Amino acid sequence: MDSITSKLSSSDKLLLSALNLIAEKGYNGVTTLEIATAAGLSEKTLFRHFGSKQKLLEAAFDRYHYAEEMKKLFAEKLVWDLQQDLLLVSRTYHEIMNRNRKMIQISLKEDGQLPGFRARTQKHPQQLLEFLTDYFTLMAEKGKMISDNPELHAFSFMMMQFGAFINDLDSRTNYSNIGLEPFVQESVKIFARALQL
């Protein structure tokens with residue numbers, strides 16, 4: 001265990017070990033004993049903290065997904081310039097999604113396998129959709145963009161960014177001659193131009 005990992009709480013060690021192992025072997029391919037051992041802890045500690053493997057995985061999603069970071073971004077960092085704000089949202093989204101690649105791979109692999117898991121994984125994108133919809137609504141009220149369908153605009157923007165992330169999820173880039181940053185800049189520029197008054 002490296003020095004950074006050794007400074008983590010028992011819960012965080014278990015969460016990270018679960019994400020690493022489940023991403024590699026699948027949910028059903030990993031036991032709670034393997035997760036606890038990889039974390040340098042006992043299986044009893046895992047059960048004391050989380051109660052079950054599914055609750056451990058759910059806690060990992062709640063802890064490491066993007067809703068809280070995005071909530072803070074929308075509350076504190078907007079400058080009310082459509083292109084600048086969407087660049088910030090897009091870059092932050094990709095930074096978080098890339099940091100959490102293993103978690104996303106698990107959610108795609110295990111979708112439909114665990115009761116209630118799909119609803120839990122949809123919570124974060126749904127919150128981002130709400131943040132963006134509210135932002136577009138306020139921008140329209142300020143007279144800074146068109147106001148015909150803020151939720152559909154928010155959904156379209158999210159799907160554009162999600163598609164770019166999925167393209168590179170397994171490091172098998174389908175369009176290797178197009179880098180992420182140039183895509184982010186161009187997609188935001190086109191999107192902002194289409195929505196501005």
# chains A, B, ... in the order shown; residues from 1 in each chain; ligands from 1
>>> residues_around(residues="A:Arg99", least_positions_apart="4", cutoff="12 Å", atoms="only C-alpha atoms", output="compact mmCIF listing (two decimals) with all heavy atoms, in the first residue's frame")
# COMPACT_ATOMS: atom_id res chain seq x y z
N TYR A 64 -17.96 9.26 -5.06
CA TYR A 64 -17.03 9.67 -6.10
C TYR A 64 -17.66 10.20 -7.37
O TYR A 64 -16.94 10.58 -8.29
CB TYR A 64 -16.08 8.50 -6.44
CG TYR A 64 -15.18 8.15 -5.29
CD1 TYR A 64 -15.33 6.95 -4.60
CD2 TYR A 64 -14.20 9.03 -4.87
CE1 TYR A 64 -14.52 6.64 -3.53
CE2 TYR A 64 -13.39 8.72 -3.79
CZ TYR A 64 -13.55 7.53 -3.13
OH TYR A 64 -12.74 7.22 -2.06
N HIS A 65 -18.96 10.26 -7.46
CA HIS A 65 -19.55 10.79 -8.69
C HIS A 65 -19.56 12.31 -8.64
O HIS A 65 -19.06 12.91 -7.70
CB HIS A 65 -20.94 10.20 -8.92
CG HIS A 65 -21.20 9.85 -10.35
ND1 HIS A 65 -21.08 10.77 -11.36
CD2 HIS A 65 -21.56 8.71 -10.94
CE1 HIS A 65 -21.36 10.20 -12.51
NE2 HIS A 65 -21.66 8.93 -12.29
N TYR A 66 -20.15 12.96 -9.64
CA TYR A 66 -19.91 14.38 -9.83
C TYR A 66 -20.95 15.36 -9.29
O TYR A 66 -20.77 16.56 -9.39
CB TYR A 66 -19.68 14.69 -11.31
CG TYR A 66 -20.79 14.28 -12.27
CD1 TYR A 66 -21.99 14.96 -12.31
CD2 TYR A 66 -20.60 13.23 -13.14
CE1 TYR A 66 -22.98 14.61 -13.20
CE2 TYR A 66 -21.58 12.87 -14.04
CZ TYR A 66 -22.77 13.56 -14.07
OH TYR A 66 -23.75 13.20 -14.96
N THR A 92 -14.96 20.55 -16.49
CA THR A 92 -15.13 19.94 -15.16
C THR A 92 -15.77 18.56 -15.30
O THR A 92 -15.35 17.60 -14.65
CB THR A 92 -15.98 20.85 -14.26
OG1 THR A 92 -15.36 22.14 -14.18
CG2 THR A 92 -16.13 20.26 -12.86
N TYR A 93 -16.77 18.46 -16.14
CA TYR A 93 -17.44 17.18 -16.39
C TYR A 93 -16.44 16.13 -16.86
O TYR A 93 -16.38 15.02 -16.33
CB TYR A 93 -18.54 17.39 -17.43
CG TYR A 93 -19.20 16.12 -17.90
CD1 TYR A 93 -20.25 15.56 -17.19
CD2 TYR A 93 -18.79 15.48 -19.06
CE1 TYR A 93 -20.87 14.40 -17.62
CE2 TYR A 93 -19.40 14.32 -19.51
CZ TYR A 93 -20.43 13.79 -18.79
OH TYR A 93 -21.04 12.64 -19.21
N HIS A 94 -15.63 16.47 -17.85
CA HIS A 94 -14.67 15.51 -18.39
C HIS A 94 -13.58 15.18 -17.38
O HIS A 94 -13.14 14.03 -17.29
CB HIS A 94 -14.07 16.01 -19.71
CG HIS A 94 -15.03 15.91 -20.84
ND1 HIS A 94 -15.38 14.69 -21.40
CD2 HIS A 94 -15.75 16.85 -21.51
CE1 HIS A 94 -16.25 14.89 -22.37
NE2 HIS A 94 -16.50 16.19 -22.46
N GLU A 95 -13.17 16.15 -16.60
CA GLU A 95 -12.16 15.88 -15.56
C GLU A 95 -12.69 14.87 -14.55
O GLU A 95 -12.03 13.89 -14.22
CB GLU A 95 -11.80 17.19 -14.85
CG GLU A 95 -10.86 17.02 -13.68
CD GLU A 95 -10.72 18.29 -12.86
OE1 GLU A 95 -10.71 19.39 -13.44
OE2 GLU A 95 -10.65 18.16 -11.62
N MET A 103 -15.51 3.63 -12.24
CA MET A 103 -16.87 3.66 -11.75
C MET A 103 -17.86 3.65 -12.92
O MET A 103 -18.88 2.96 -12.88
CB MET A 103 -17.07 4.91 -10.90
CG MET A 103 -18.31 4.91 -10.09
SD MET A 103 -18.32 6.24 -8.89
CE MET A 103 -18.14 7.67 -9.93
N ILE A 104 -17.55 4.40 -13.97
CA ILE A 104 -18.43 4.45 -15.14
C ILE A 104 -18.46 3.09 -15.83
O ILE A 104 -19.52 2.61 -16.25
CB ILE A 104 -17.98 5.55 -16.12
CG1 ILE A 104 -17.86 6.91 -15.42
CG2 ILE A 104 -18.92 5.63 -17.32
CD1 ILE A 104 -19.06 7.37 -14.67
N GLN A 105 -17.29 2.45 -15.93
CA GLN A 105 -17.24 1.13 -16.55
C GLN A 105 -18.10 0.14 -15.77
O GLN A 105 -18.82 -0.66 -16.35
CB GLN A 105 -15.79 0.63 -16.63
CG GLN A 105 -14.97 1.39 -17.65
CD GLN A 105 -13.49 1.12 -17.53
OE1 GLN A 105 -12.96 0.89 -16.44
NE2 GLN A 105 -12.79 1.17 -18.66
N PHE A 165 -17.07 11.41 -24.03
CA PHE A 165 -16.44 10.61 -22.97
C PHE A 165 -16.49 9.12 -23.30
O PHE A 165 -15.49 8.41 -23.19
CB PHE A 165 -17.13 10.88 -21.63
CG PHE A 165 -16.67 9.92 -20.55
CD1 PHE A 165 -15.43 10.06 -19.97
CD2 PHE A 165 -17.48 8.87 -20.17
CE1 PHE A 165 -15.00 9.15 -19.00
CE2 PHE A 165 -17.07 7.96 -19.21
CZ PHE A 165 -15.81 8.11 -18.62
N LEU A 169 -13.71 5.86 -23.53
CA LEU A 169 -13.81 5.22 -22.22
C LEU A 169 -12.78 4.12 -22.00
O LEU A 169 -12.15 4.05 -20.96
CB LEU A 169 -15.22 4.66 -21.99
CG LEU A 169 -15.45 3.97 -20.64
CD1 LEU A 169 -15.21 4.94 -19.49
CD2 LEU A 169 -16.87 3.42 -20.58
>>> residues_around(residues="A:Asp62", least_positions_apart="3", cutoff="12 Å", atoms="only C-alpha atoms", output="list in words")
Leu15, Lys55, Leu56, Leu57, Glu58, Ala59, His65, Tyr66, Ala67, Glu68, Glu69, Asn100, Met103, Phe117, Arg120, Thr121, Gln122, Lys123 and His124 of chain A
>>> atom_distance(atom1="atom CA of A:Asp168", atom2="atom CA of A:Leu16")
22.1 Å
>>> residues_around(residues="A:Ile35", least_positions_apart="3", cutoff="10 Å", atoms="only C-alpha atoms", output="list of chain:residue names")
A:Lys13, A:Leu14, A:Leu15, A:Leu16, A:Ser17, A:Ala18, A:Leu19, A:Asn20, A:Leu21, A:Ile22, A:Val30, A:Thr31, A:Thr32, A:Ala38, A:Ala39, A:Gly40, A:Leu41, A:Ser42, A:Glu43, A:Leu46, A:Lys53
>>> residues_around(residues="A:Ala164", least_positions_apart="6", cutoff="9 Å", atoms="only C-alpha atoms", output="ChimeraX atom specification")
/A:94,180,183-184
>>> atom_distance(atom1="atom CA of A:Gln126", atom2="atom CA of A:Ala154")
10.6 Å
>>> select_by_dssp(residues="chain A", states="helix (DSSP H, G or I)", output="number ranges by chain")
A: 3-6, 10-25, 27-29, 32-38, 43-50, 53-64, 67-76, 82-99, 101-110, 117-141, 150-167, 180-195
>>> atom_distance(atom1="atom CA of A:Arg91", atom2="atom CA of A:Gln127")
17.3 Å
>>> residues_around(residues="A:Gln196", least_positions_apart="3", cutoff="12 Å", atoms="only C-alpha atoms", output="list in words")
Asp81, Leu82, Gln83, Phe136, Met139, Ala140, Lys142, Gly143, Lys144, Met145, Ile146, Ser147, Asp148, Val188, Lys189, Ile190, Phe191, Ala192 and Arg193 of chain A
>>> closest_residue(among="A:Lys71, A:His49, A:Lys25, A:Lys102", to="A:Ser11", atoms="only C-alpha atoms")
A:His49
>>> closest_residue(among="A:Ser52, A:Ala23, A:Arg101, A:Lys72", to="A:Val89", atoms="only C-alpha atoms")
A:Lys72
>>> residues_around(residues="A:Thr133", least_positions_apart="2", cutoff="8 Å", atoms="only C-alpha atoms", output="mmCIF file with N, CA and C atoms, in the first residue's frame")
data_model
loop_
_atom_site.group_PDB
_atom_site.id
_atom_site.type_symbol
_atom_site.label_atom_id
_atom_site.label_comp_id
_atom_site.auth_asym_id
_atom_site.auth_seq_id
_atom_site.Cartn_x
_atom_site.Cartn_y
_atom_site.Cartn_z
ATOM 1 N N LEU A 129 -28.570 17.538 -15.151
ATOM 2 C CA LEU A 129 -29.612 18.019 -16.059
ATOM 3 C C LEU A 129 -30.403 19.159 -15.409
ATOM 4 N N GLU A 130 -30.731 19.003 -14.134
ATOM 5 C CA GLU A 130 -31.461 20.050 -13.416
ATOM 6 C C GLU A 130 -30.617 21.319 -13.288
ATOM 7 N N PHE A 131 -29.334 21.185 -12.938
ATOM 8 C CA PHE A 131 -28.454 22.357 -12.811
ATOM 9 C C PHE A 131 -28.375 23.115 -14.140
ATOM 10 N N TYR A 135 -29.803 26.796 -15.149
ATOM 11 C CA TYR A 135 -28.854 27.777 -15.682
ATOM 12 C C TYR A 135 -29.375 28.367 -16.992
ATOM 13 N N PHE A 136 -29.809 27.502 -17.918
ATOM 14 C CA PHE A 136 -30.312 27.991 -19.198
ATOM 15 C C PHE A 136 -31.572 28.840 -18.997
ATOM 16 N N THR A 137 -32.421 28.468 -18.056
ATOM 17 C CA THR A 137 -33.621 29.251 -17.764
ATOM 18 C C THR A 137 -33.240 30.651 -17.282
ATOM 19 N N PRO A 150 -35.292 25.056 -22.325
ATOM 20 C CA PRO A 150 -34.054 24.918 -21.550
ATOM 21 C C PRO A 150 -33.693 23.469 -21.199
ATOM 22 N N GLU A 151 -34.698 22.648 -20.888
ATOM 23 C CA GLU A 151 -34.392 21.259 -20.516
ATOM 24 C C GLU A 151 -33.845 20.476 -21.707
ATOM 25 N N HIS A 153 -32.272 21.755 -24.271
ATOM 26 C CA HIS A 153 -30.920 22.279 -24.519
ATOM 27 C C HIS A 153 -29.926 21.629 -23.552
ATOM 28 N N ALA A 154 -30.314 21.552 -22.279
ATOM 29 C CA ALA A 154 -29.440 20.957 -21.263
ATOM 30 C C ALA A 154 -29.162 19.491 -21.591
#
